[in-house]
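Asker: There's a structure below that I have some questions on.
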Amino acid sequence: MKGLFIISGLGILAMLAEIFKFKRLLYPIVLLGILVAYAANFMEFNNNMSIEHFNNMIRFDNVALAFSGVILITAFFWFILANDYFNNETSLADHFALVLFAITGGLMLTAFSNMTTLFLGIEILSIPLYVLAASKKNDMKSNEAGFKYLIMGSLASAFLLFGIALIYGATGTFDIMLMRSKISAGNLPMFFYAGVIMMLVAMCFKVSAAPFHFWAPDVYEGSSTVITALMSTIVKTAAFAAFMRLFLIGFGGINETWSLALSIIIALSLIISNITAAAQSSVKRMLAYSSISHAAFMLMAILAVNAHFSVQAILYYTLAYSIGSIASFTVLYQVSKNGDTSFEAFNGLAKRNPMIALGMLIAMLSLAGIPVTAGFFAKYFIFTTLMASSFKWLLILAVLTSCVGVYYYFKVIIAMYFKKPHTEEPLQIDASHAMLLGITSVITIVIGLLPDLILKML
Amino acid sequence: MLTGVLILFPLLASLLLFFIKGDGAKRIAFVFSLVEFGISLLAYVWFRNNPNMDMLSLNCTWVESLGIKFAVGLDGIGLLLVLLTTFLVPLIVLSSFKTTYDKPNTFYALILMMQSALVGVFVANDGFLFYVFWELALIPIYFICLLWGGENRARITFKFFLYTLFGSLFMLIGLIFLYNHTGLDTGIKSFAINDLYTAGRSLNLNQQSFVFWTIFIAFAIKMPIFPLHTWQPDTYVTAPTQGTMLLSGIMLKMGTFGLIKWLLPIAPLALAKWGGVAMGFAVVGIIYASCIAIVQKDYKRLIAYSSIAHVGLIAAGILSANQQGVQGAVIQMLSHGINVVGLFLIADILIRHTGTRDIDKLGGIRSMNGQFGVLFLIILLGSVALPLTNGFVGEFLLINGVFQYSAWLAAFAGLTVILGAVYMLRSYQAIMLGEKKANEVTFGSLADTDKAVLMIICVAVIAFGVYPKPLNDLAEPAVKALLMNLK
């Protein structure tokens, strides 16, 4: 809970920076603030004193705190990745504020226990992102991205609200725990189930699962690389935490109504995303499509509806995926400074800068799910969790599409280690980014070797 | 303890090698691999004294919440394959002394890293650990082939990588399926090999069939068995010689070893039902690969196809699931590993001395270098399984084992002896005998390191052919114990 206060306080502080002229100090203050928020978050862990706040609108239980931790640690890494971005932007304070408010929304989503807080969280998360996506004012693509994101996001919000309204009509409550007991009491009208399906659709929009994914590649490509990194890490984690909370806790008892629909969504996401990603010539677009595939993997854990293992699996997966994504976007940002995000931009990176190439190699192996990286364990947990459910056929599909996934991740590796570079000139990167890559690589290997570090938390 | 050292030592050595600059890397790598061989000999001596010695095995918790353990230990079969690995790696390193590779430190570091993973595969006693080592072995060999391979290497090595990964993921599904059926009475799930055996045998026929095929596909791709072999010839030809030696000498044994330890005892019902079908594929592969080998012009490709034929017979022997078949397979795995490394070295020597591997363009080399001719002949006779060479012992037992299963299959599998003699002797005749070809450059004397490697291999070929008792002593009880599980 304190983490949420600190981050929103930082957001307000950032807006004041413009007026009181301490813009230069803002960057270190924010970094420090996030670390403090993480520490506060950590202190609350396993401390069951007061987990309910605001008349039980928000509930920071251990699951919420663990996901908040993932968001905060990713946010810290993201700010290091984005240091250039904040140096160049003229309206610097606004950007800080927008990002921090988006993170605030994300933290709310991890901990909501009432559907009004769910809706508020989603809006607080999304509205800054619409602006950030369109933040390259003179770039047509960026404007298009922002506009598309706004339209699609609003549509999803409409679905969400409609679903909430129907469910409220059926159960008479916004509180998910009360709703749960109403569900187990049974005897619900038909439109309740319509509400559940509408919320499923809305959440699938937010996590960009097929067939509600059309906005994602264009938005990812149009936004600047650092904003794309933000969207594919922090936003994804928050959206999944919310999805999981809503469907495992709220609607876990009636999974037979939504599990078939969800299994079809997962199957479609796996097939469409992986096949399209394999055909991309831009690494940025490839990462966008692959993020849909990762979303499908995490949805499998939700589909398994296993109160304990599903949560563990998603927590581990979001962490592994966020760390891998931050690393790959850092490298992408460095090699595509001239605007070229194609696979050719990575040619001969191993010769131009072996250390960056190694960082990217580990990130790609992790995203592809090769042992002993974190990505392998993440996939493994999903497989084990799903194996115990009645949707075993999805596993076969997951294996087949994983192989396609390996194909496009290895295209980057082959480009780095095998293709001739355009220039022999070594690629210089600043120390902070090099350090970031070092840290992400170490985390990827360490939690891959010792997954108990994360699993034992819950 | 000691098995842990066997895994860890080459890994640490390889990490060290990454930081060594310059040409000294090959010598250091050679010394490291010799030390590793020494450790494995120590393990052999201890094992002979007391197979159940605590010092040999290691069992500690890895991922406690999932019941995954870092459990390694030796049995007769595992020990033989560890010895094969540690024996071949120094030879492979030594055989590279006359070739200069770009970035030698990385090259040798990857070889040692590969060795670590291979040893891990052969000693793992935990299903999850086995899978991790199985996958880990793939990464270094992929980079060895990608960075130092020949023409079209990016495409071909990638095909290889994807093919094997595809199989492995199915194996993972099979293992997870078994894992979910462990601990039904205690409630504690585990990947320990004995728990997986118990879980596997408690399944009904349909479930066992699912496990059988998901796991079999991974092993079949690795060996490879027809019709999943299409990655193999291209990869063997494109890879640098040392990569090919690792692939054919040791890595394909991962598949046959896996079949013995991780499939036979797990799914006996499915084996009884489907074993014949799988053997059918293996036997078709023997004949198919032999026929293609007969018409090959590229010598390296010829050996690649001969390898498919040999491994097909090994797989058929294992699937016959009787004492002769499995024991023969274990012994043939060793002989094939040693012989094929020798043959690939010969292919490498040919191309270094003459610039071509095309057997039509070669001829009369024996008259220029008689010593090479003799060494070549001995290794070649080993691989066509002449009596008193190492190939004979295994092949005899294998065909005997397959015959006990089905006389018809044995009749077709036995063709490998005849066809093998045809393509091997024909290639020898074309390369070493006959007229000197016009475009032929002179074939000087062999380099010392090449000579040393070939001589060591020749000694092994004859020694194990004349006196195979040490191999049988290790293999026989282990296979007996394993087959008890099938009853």
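Chain labels follow the order of the structure tokens: the first chain is A, the next B, and so on; residue numbering restarts at 1 in every chain, and ligands are counted from 1 in their shown order.
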Got a sec to pull out which chain B residues are within 8 Å of chain A, counting only C-alpha atoms, and send them as a list in words?

Answerer: Trp62, Val63, Glu64, Ser65, Val132, Glu135, Leu136, Leu146, Leu147, Ala154, Leu162, Leu165, Phe166, Leu169, Phe170, Ile173, Ile176, Phe177 and Asn180 of chain B

Asker: Which residues come within 6 Å of B:Gly363, counting only C-alpha atoms, excluding same-chain residues fewer than 5 positions away, as a list in words?

Answerer: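 Residues near the query, excluding close chain neighbours: Ala430, Ile431, Met432, Leu433, Gly434, Glu435, Lys436 and Lys437 of chain B.
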
Asker: Can you check which residues of stretch 77-326 of chain A DSSP gives as helix (DSSP H, G or I) on the backbone and send them as a count of residues only?

Answerer: 210

Asker: Please identify which residues in stretch 34-69 of chain B DSSP calls strand (DSSP E) from the backbone, and express them as a ChimeraX atom specification.

Answerer: /B:58-63,68-69

Asker: Create the file for the chosen residues now, containing all heavy atoms and written as a short mmCIF file (atom, residue, chain, number, x, y, z; two decimals), in the first residue's frame.

Answerer:
```cif
data_model
loop_
_atom_site.label_atom_id
_atom_site.label_comp_id
_atom_site.auth_asym_id
_atom_site.auth_seq_id
_atom_site.Cartn_x
_atom_site.Cartn_y
_atom_site.Cartn_z
N LEU B 58 25.68 -38.28 -6.03
CA LEU B 58 25.42 -36.99 -5.39
C LEU B 58 23.93 -36.78 -5.45
O LEU B 58 23.30 -37.04 -6.48
CB LEU B 58 26.15 -35.90 -6.17
CG LEU B 58 26.08 -34.48 -5.63
CD1 LEU B 58 26.83 -34.38 -4.33
CD2 LEU B 58 26.70 -33.52 -6.63
N ASN B 59 23.35 -36.34 -4.36
CA ASN B 59 21.89 -36.17 -4.34
C ASN B 59 21.55 -34.99 -3.46
O ASN B 59 21.55 -35.10 -2.25
CB ASN B 59 21.25 -37.47 -3.81
CG ASN B 59 19.78 -37.48 -4.06
OD1 ASN B 59 19.19 -36.46 -4.42
ND2 ASN B 59 19.15 -38.62 -3.86
N CYS B 60 21.32 -33.84 -4.06
CA CYS B 60 20.93 -32.71 -3.22
C CYS B 60 19.74 -31.98 -3.82
O CYS B 60 19.43 -32.12 -4.99
CB CYS B 60 22.10 -31.77 -3.01
SG CYS B 60 22.97 -31.33 -4.48
N THR B 61 19.09 -31.22 -3.00
CA THR B 61 17.86 -30.55 -3.40
C THR B 61 18.18 -29.43 -4.38
O THR B 61 19.18 -28.74 -4.22
CB THR B 61 17.18 -29.94 -2.18
OG1 THR B 61 17.31 -30.87 -1.13
CG2 THR B 61 15.73 -29.67 -2.45
N TRP B 62 17.34 -29.29 -5.36
CA TRP B 62 17.52 -28.18 -6.30
C TRP B 62 16.32 -27.24 -6.20
O TRP B 62 16.43 -26.14 -5.67
CB TRP B 62 17.74 -28.72 -7.72
CG TRP B 62 17.95 -27.67 -8.74
CD1 TRP B 62 18.20 -26.34 -8.51
CD2 TRP B 62 17.95 -27.83 -10.15
NE1 TRP B 62 18.35 -25.67 -9.69
CE2 TRP B 62 18.19 -26.56 -10.71
CE3 TRP B 62 17.75 -28.92 -10.99
CZ2 TRP B 62 18.23 -26.36 -12.09
CZ3 TRP B 62 17.81 -28.72 -12.36
CH2 TRP B 62 18.06 -27.46 -12.91
N VAL B 63 15.19 -27.67 -6.70
CA VAL B 63 13.99 -26.85 -6.56
C VAL B 63 13.06 -27.59 -5.61
O VAL B 63 12.34 -28.49 -6.00
CB VAL B 63 13.29 -26.65 -7.92
CG1 VAL B 63 12.18 -25.64 -7.78
CG2 VAL B 63 14.28 -26.19 -8.96
N ILE B 68 12.28 -31.30 -7.38
CA ILE B 68 13.35 -31.52 -8.36
C ILE B 68 14.67 -31.61 -7.61
O ILE B 68 14.96 -30.76 -6.76
CB ILE B 68 13.38 -30.38 -9.39
CG1 ILE B 68 12.09 -30.37 -10.18
CG2 ILE B 68 14.57 -30.53 -10.31
CD1 ILE B 68 11.93 -29.16 -11.06
N LYS B 69 15.44 -32.63 -7.93
CA LYS B 69 16.70 -32.82 -7.21
C LYS B 69 17.86 -32.81 -8.18
O LYS B 69 17.71 -33.16 -9.34
CB LYS B 69 16.68 -34.15 -6.47
CG LYS B 69 15.73 -34.12 -5.31
CD LYS B 69 16.03 -35.24 -4.36
CE LYS B 69 15.44 -34.90 -3.02
NZ LYS B 69 14.90 -36.04 -2.35
#
```
